[in-house]
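S.K.: One structure is given below, represented as structure tokens, and several questions about it will come after.
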Amino acid sequence: MPLWLTRSDVEFLLDMPAAIEAVSDAFRLIYQGEAELPVRANIPVARHDGSLMSMPAYLGGEMDALGAKLISFYGTNPTVRGLPAIQGNVVLFDGRDGALLALMDAGFLTAMRTGASGGVAARHLAREDARTLTIFGSGVQAPYQVEAVLCERAIERVFVLSRTPAHAVALADNLRGTFDGSVEATNDVEMAVGAADVVVTATSAHDPLFDGSLLRPGVHVTGIGSHLPYASEVDATALRRSTVVVDQMSACLEEAGDLIKPINAGLYEASLIHAEIGAIIAGDQPGRRSGDEITFFKSVGLAAQDVAVARVVYQRAVEQGVGTSLEG
């Protein structure tokens with residue numbers, strides 16, 4: 001029977017380790033050609049200053065999962081209608097016969113699957129002895145990125161930076177409630193980048209957040225915030241010093257300003273990109289190769305991640321009797 005799963009249901013059923021495993025499997029299946037990922041469709045609703053984005057995907061192999069994430073964006077909702085600007089759901093189907101399995105809230109699921117991609121990157125690209133994490137950004141995604149890195153590395157110290165210092169302080173206070181190590185909000189970019197074993201950028205910045213020459217040997221960087229051709233969080237210096245890994249080559253060369261801007265400026269070449277993360281997960285390409293290597297993972301977010309994580313949520317819902325039947 002098809003299920004309706006609320007945000008509360010999804011929060012109850014989904015944890016970060018499970019999300020990381022699901023996203024890892026999705027990246028591998030994409031690389032192995034076991035996935036169908038059509039181009040996202042964006043439908044404007046000019047009359048109401050809104051839009052609807054559709055992100056469908058099919059994952060074959062052992063997953064055999066079919067679905068789509070539907071996200072609406074109405075920028076005036078908070079002030080005009082008292083509603084969130086972004087609302088969405090994931091529709092999950094049975095890959096074998098196309099039958100509807102579930103409709104579930106996409107808010108928490110999206111945050112977790114995006115965080116999980118950073119966890120997958122840390123697993124394969126960060127040094128085993130990484131102890132210091134620096135995160136740029138204090139928005140919705142930031143705590144999930146921190147949680148994912150903590151799942152993969154024994155982090156002892158976290159630096160938080162934000163263009164709004166009060167938000168950095170608030171995030172640091174929040175993290176202290178769930179993390180036993182040291183957490184410090186700071187505006188000292190040079191110190192925070194220079195001290196980091198792992199750097200995560202989770203912002204809406206359009207221009208680089210730090211000078212790539214500040215990165216010390218052995219650091220891993222995950223770029224998760226920018227997903228527009230004209231927006232970048234890292235500079236060409238960081239790219240040239242790094243072994244660059246992407247979630248999907250074609251998607252990143254179309255959407256990732258971190259790559260597109262330096263390439264168009266003649267400061268970096270697409271041929272220098274080391275691999276898709278799926279190739280590393282599958283064992284066909286090496287991940288980190290030395291202690292001094294600087295690595296950079298760029299993700300623009302893929303519908304396959306949503307479908308893979310939604311499949312886990314649905315399976316757990318059935319096992320635990322969670323959700324509301326859509327058949328009454």
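Ordering of the structure tokens sets the chain letters (A, B, ...), residue numbers begin anew at 1 in every chain, and ligands are numbered from 1 in the order given.
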Could you pull out all residues of region 192-318 of chain A with a DSSP call of helix (DSSP H, G or I) and give them as a ChimeraX atom specification?
M.R.: /A:192-195,212-214,236-241,249-255,257-264,270-272,277-281,303-318
S.K.: Next, dump the selected residues to file, keeping only C-alpha atoms, as a CSV table (one decimal), in the first residue's frame.
M.R.:
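Output contents, as saved in part-v7.csv:
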```
chain,number,residue,atom,x,y,z
A,192,ALA,CA,40.7,28.6,10.3
A,193,VAL,CA,41.7,27.4,6.8
A,194,GLY,CA,45.4,27.0,7.7
A,195,ALA,CA,44.5,24.9,10.7
A,212,GLY,CA,43.6,28.6,-2.0
A,213,SER,CA,47.2,29.2,-1.0
A,214,LEU,CA,46.1,29.0,2.6
A,236,ALA,CA,41.5,28.5,-9.1
A,237,THR,CA,44.5,28.3,-6.8
A,238,ALA,CA,42.7,25.7,-4.7
A,239,LEU,CA,41.8,23.7,-7.8
A,240,ARG,CA,45.3,23.7,-9.2
A,241,ARG,CA,46.7,22.5,-5.9
A,249,MET,CA,31.3,14.8,-14.4
A,250,SER,CA,28.6,16.0,-16.8
A,251,ALA,CA,26.5,17.7,-14.1
A,252,CYS,CA,29.5,19.5,-12.6
A,253,LEU,CA,30.7,20.8,-15.9
A,254,GLU,CA,27.2,22.2,-16.5
A,255,GLU,CA,26.4,23.6,-13.1
A,257,GLY,CA,30.8,27.5,-11.0
A,258,ASP,CA,33.8,26.3,-8.9
A,259,LEU,CA,35.0,24.5,-12.0
A,260,ILE,CA,33.3,26.4,-14.8
A,261,LYS,CA,34.6,29.8,-13.9
A,262,PRO,CA,38.3,28.8,-13.7
A,263,ILE,CA,38.0,26.7,-16.9
A,264,ASN,CA,36.4,29.6,-18.8
A,270,ALA,CA,38.6,19.9,-17.2
A,271,SER,CA,41.0,17.2,-18.2
A,272,LEU,CA,42.7,17.6,-14.9
A,277,ILE,CA,33.5,9.7,-6.6
A,278,GLY,CA,31.7,6.6,-7.9
A,279,ALA,CA,34.9,5.4,-9.6
A,280,ILE,CA,36.7,5.6,-6.3
A,281,ILE,CA,33.9,3.8,-4.4
A,303,ALA,CA,18.3,13.2,-7.9
A,304,ALA,CA,19.8,9.7,-7.5
A,305,GLN,CA,20.8,10.7,-4.0
A,306,ASP,CA,17.2,11.6,-3.1
A,307,VAL,CA,15.8,8.3,-4.6
A,308,ALA,CA,18.5,6.2,-2.9
A,309,VAL,CA,17.8,7.7,0.5
A,310,ALA,CA,14.0,7.7,0.0
A,311,ARG,CA,14.3,3.9,-0.7
A,312,VAL,CA,15.9,3.5,2.7
A,313,VAL,CA,13.2,5.6,4.4
A,314,TYR,CA,10.5,3.6,2.8
A,315,GLN,CA,12.0,0.2,3.7
A,316,ARG,CA,12.3,1.2,7.3
A,317,ALA,CA,8.8,2.6,7.3
A,318,VAL,CA,7.4,-0.7,6.2
```
S.K.: Considering only C-alpha atoms, return as a PyMOL selection string whatever protein or nucleic-acid residues lie within 12 Å of region 71-83 of chain A, sequence-local ones (same chain, fewer than 3 positions apart) excluded.
M.R.: chain A and resi 40-56+68+86-91+105-107+110+303+306
S.K.: Just want the 10 Å neighbourhood of Glu36 (chain A), counted on only C-alpha atoms, with same-chain residues fewer than 6 positions away dropped. Output as a VMD selection string.
M.R.: chain A and resid 29 to 30 56 to 60 66 303 to 304
S.K.: With all heavy atoms kept, could you save the residues just selected as a compact mmCIF listing (two decimals), in the first residue's frame?
M.R.:
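What landed in result_30.txt:
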```
# COMPACT_ATOMS: atom_id res chain seq x y z
N LEU A 29 26.56 3.42 -8.44
CA LEU A 29 25.68 2.98 -9.52
C LEU A 29 25.68 3.97 -10.68
O LEU A 29 25.61 3.57 -11.85
CB LEU A 29 24.27 2.77 -8.99
CG LEU A 29 24.08 1.57 -8.06
CD1 LEU A 29 22.73 1.60 -7.37
CD2 LEU A 29 24.24 0.26 -8.85
N ILE A 30 25.77 5.26 -10.38
CA ILE A 30 25.86 6.26 -11.44
C ILE A 30 27.11 6.03 -12.27
O ILE A 30 27.08 5.98 -13.51
CB ILE A 30 25.88 7.69 -10.84
CG1 ILE A 30 24.53 8.02 -10.21
CG2 ILE A 30 26.24 8.73 -11.91
CD1 ILE A 30 24.54 9.26 -9.36
N PRO A 56 13.90 13.76 -11.49
CA PRO A 56 13.64 12.32 -11.53
C PRO A 56 14.93 11.50 -11.62
O PRO A 56 15.97 11.99 -12.07
CB PRO A 56 12.82 12.17 -12.81
CG PRO A 56 13.35 13.25 -13.70
CD PRO A 56 13.76 14.40 -12.79
N ALA A 57 14.84 10.24 -11.21
CA ALA A 57 16.00 9.35 -11.32
C ALA A 57 15.55 7.90 -11.20
O ALA A 57 14.55 7.58 -10.54
CB ALA A 57 17.02 9.65 -10.22
N TYR A 58 16.32 7.04 -11.86
CA TYR A 58 16.16 5.59 -11.69
C TYR A 58 17.52 5.01 -11.34
O TYR A 58 18.53 5.34 -11.98
CB TYR A 58 15.64 4.91 -12.96
CG TYR A 58 15.73 3.40 -12.87
CD1 TYR A 58 14.88 2.69 -12.02
CD2 TYR A 58 16.69 2.69 -13.59
CE1 TYR A 58 14.98 1.32 -11.89
CE2 TYR A 58 16.78 1.31 -13.48
CZ TYR A 58 15.93 0.62 -12.63
OH TYR A 58 16.04 -0.74 -12.51
N LEU A 59 17.57 4.16 -10.32
CA LEU A 59 18.79 3.47 -9.92
C LEU A 59 18.57 1.98 -10.08
O LEU A 59 17.64 1.41 -9.49
CB LEU A 59 19.12 3.79 -8.45
CG LEU A 59 19.71 5.19 -8.20
CD1 LEU A 59 19.61 5.53 -6.73
CD2 LEU A 59 21.16 5.25 -8.66
N GLY A 60 19.40 1.35 -10.89
CA GLY A 60 19.27 -0.08 -11.13
C GLY A 60 20.05 -0.88 -10.12
O GLY A 60 20.06 -0.58 -8.94
N LEU A 66 12.98 3.83 -8.31
CA LEU A 66 12.51 4.84 -9.27
C LEU A 66 11.78 5.93 -8.51
O LEU A 66 10.98 5.65 -7.61
CB LEU A 66 11.57 4.18 -10.28
CG LEU A 66 10.86 5.09 -11.28
CD1 LEU A 66 11.85 5.70 -12.26
CD2 LEU A 66 9.78 4.29 -12.03
N ALA A 303 19.60 13.84 -8.31
CA ALA A 303 18.32 13.23 -7.94
C ALA A 303 18.50 11.79 -7.46
O ALA A 303 17.71 11.30 -6.65
CB ALA A 303 17.37 13.27 -9.13
N ALA A 304 19.54 11.12 -7.95
CA ALA A 304 19.79 9.74 -7.53
C ALA A 304 20.01 9.66 -6.02
O ALA A 304 19.66 8.65 -5.39
CB ALA A 304 21.00 9.19 -8.27
```
S.K.: Give me the residues near region 185-190 of chain A as a PDB file with N, CA, C and O atoms, in the first residue's frame, where near means some atom within 7 Å (using only C-alpha atoms) and where sequence neighbours in that chain fewer than 4 positions away do not count.
M.R.:
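As written to disk, part.pdb reads:
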```pdb
ATOM      1  N   PHE A 159      35.876  24.754  13.596  1.00  0.00           N
ATOM      2  CA  PHE A 159      35.790  26.199  13.423  1.00  0.00           C
ATOM      3  C   PHE A 159      34.601  26.512  12.521  1.00  0.00           C
ATOM      4  O   PHE A 159      34.415  25.863  11.487  1.00  0.00           O
ATOM      5  N   VAL A 160      33.803  27.502  12.906  1.00  0.00           N
ATOM      6  CA  VAL A 160      32.617  27.899  12.153  1.00  0.00           C
ATOM      7  C   VAL A 160      32.784  29.328  11.675  1.00  0.00           C
ATOM      8  O   VAL A 160      33.086  30.228  12.474  1.00  0.00           O
ATOM      9  N   LEU A 161      32.587  29.556  10.364  1.00  0.00           N
ATOM     10  CA  LEU A 161      32.661  30.894   9.797  1.00  0.00           C
ATOM     11  C   LEU A 161      31.377  31.190   9.030  1.00  0.00           C
ATOM     12  O   LEU A 161      30.821  30.312   8.362  1.00  0.00           O
ATOM     13  N   ALA A 168      27.126  32.385  12.999  1.00  0.00           N
ATOM     14  CA  ALA A 168      28.230  31.465  13.301  1.00  0.00           C
ATOM     15  C   ALA A 168      28.236  31.108  14.783  1.00  0.00           C
ATOM     16  O   ALA A 168      28.443  29.950  15.158  1.00  0.00           O
ATOM     17  N   VAL A 169      28.001  32.099  15.625  1.00  0.00           N
ATOM     18  CA  VAL A 169      27.949  31.862  17.077  1.00  0.00           C
ATOM     19  C   VAL A 169      26.798  30.920  17.418  1.00  0.00           C
ATOM     20  O   VAL A 169      26.942  29.989  18.220  1.00  0.00           O
ATOM     21  N   ALA A 172      27.692  27.406  16.365  1.00  0.00           N
ATOM     22  CA  ALA A 172      28.692  26.866  17.288  1.00  0.00           C
ATOM     23  C   ALA A 172      28.039  26.431  18.600  1.00  0.00           C
ATOM     24  O   ALA A 172      28.344  25.357  19.137  1.00  0.00           O
ATOM     25  N   GLY A 194      44.010  27.560   7.528  1.00  0.00           N
ATOM     26  CA  GLY A 194      45.358  27.045   7.732  1.00  0.00           C
ATOM     27  C   GLY A 194      45.447  25.933   8.749  1.00  0.00           C
ATOM     28  O   GLY A 194      46.345  25.086   8.677  1.00  0.00           O
ATOM     29  N   PHE A 210      38.010  31.917   0.335  1.00  0.00           N
ATOM     30  CA  PHE A 210      39.354  31.991   0.888  1.00  0.00           C
ATOM     31  C   PHE A 210      40.377  31.848  -0.226  1.00  0.00           C
ATOM     32  O   PHE A 210      40.069  31.389  -1.333  1.00  0.00           O
ATOM     33  N   LEU A 214      46.180  29.207   1.179  1.00  0.00           N
ATOM     34  CA  LEU A 214      46.131  28.987   2.618  1.00  0.00           C
ATOM     35  C   LEU A 214      45.997  27.507   2.977  1.00  0.00           C
ATOM     36  O   LEU A 214      46.273  27.113   4.119  1.00  0.00           O
TER      37      LEU A 214
END
```
S.K.: Give me every strand (DSSP E or B) residue in region 4-240 of chain A, going by DSSP on the backbone, as a PyMOL selection string.
M.R.: chain A and resi 4-5+35-36+41-45+50-59+65-74+86-94+100-105+132-136+157-161+182-185+198-201+220-223
S.K.: Enter the distance from CA of Gly119 (chain A) to CA of Thr203 (chain A), in Å, rounded to one decimal.
M.R.: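 Distance between the two atoms: 17.2 Å.
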S.K.: May I ask for the distance between CA of Thr6 (chain A) and CA of Gly323 (chain A), given in Å to one decimal place?
M.R.: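 If I compute the distance from CA of Thr6 (chain A) to CA of Gly323 (chain A), I get 7.5 Å.
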S.K.: Report the distance between CA of Asp211 (chain A) and CA of Arg176 (chain A) in Å, rounded to one decimal place.
M.R.: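 CA of Arg176 (chain A) lies at a distance of 28.3 Å from CA of Asp211 (chain A).
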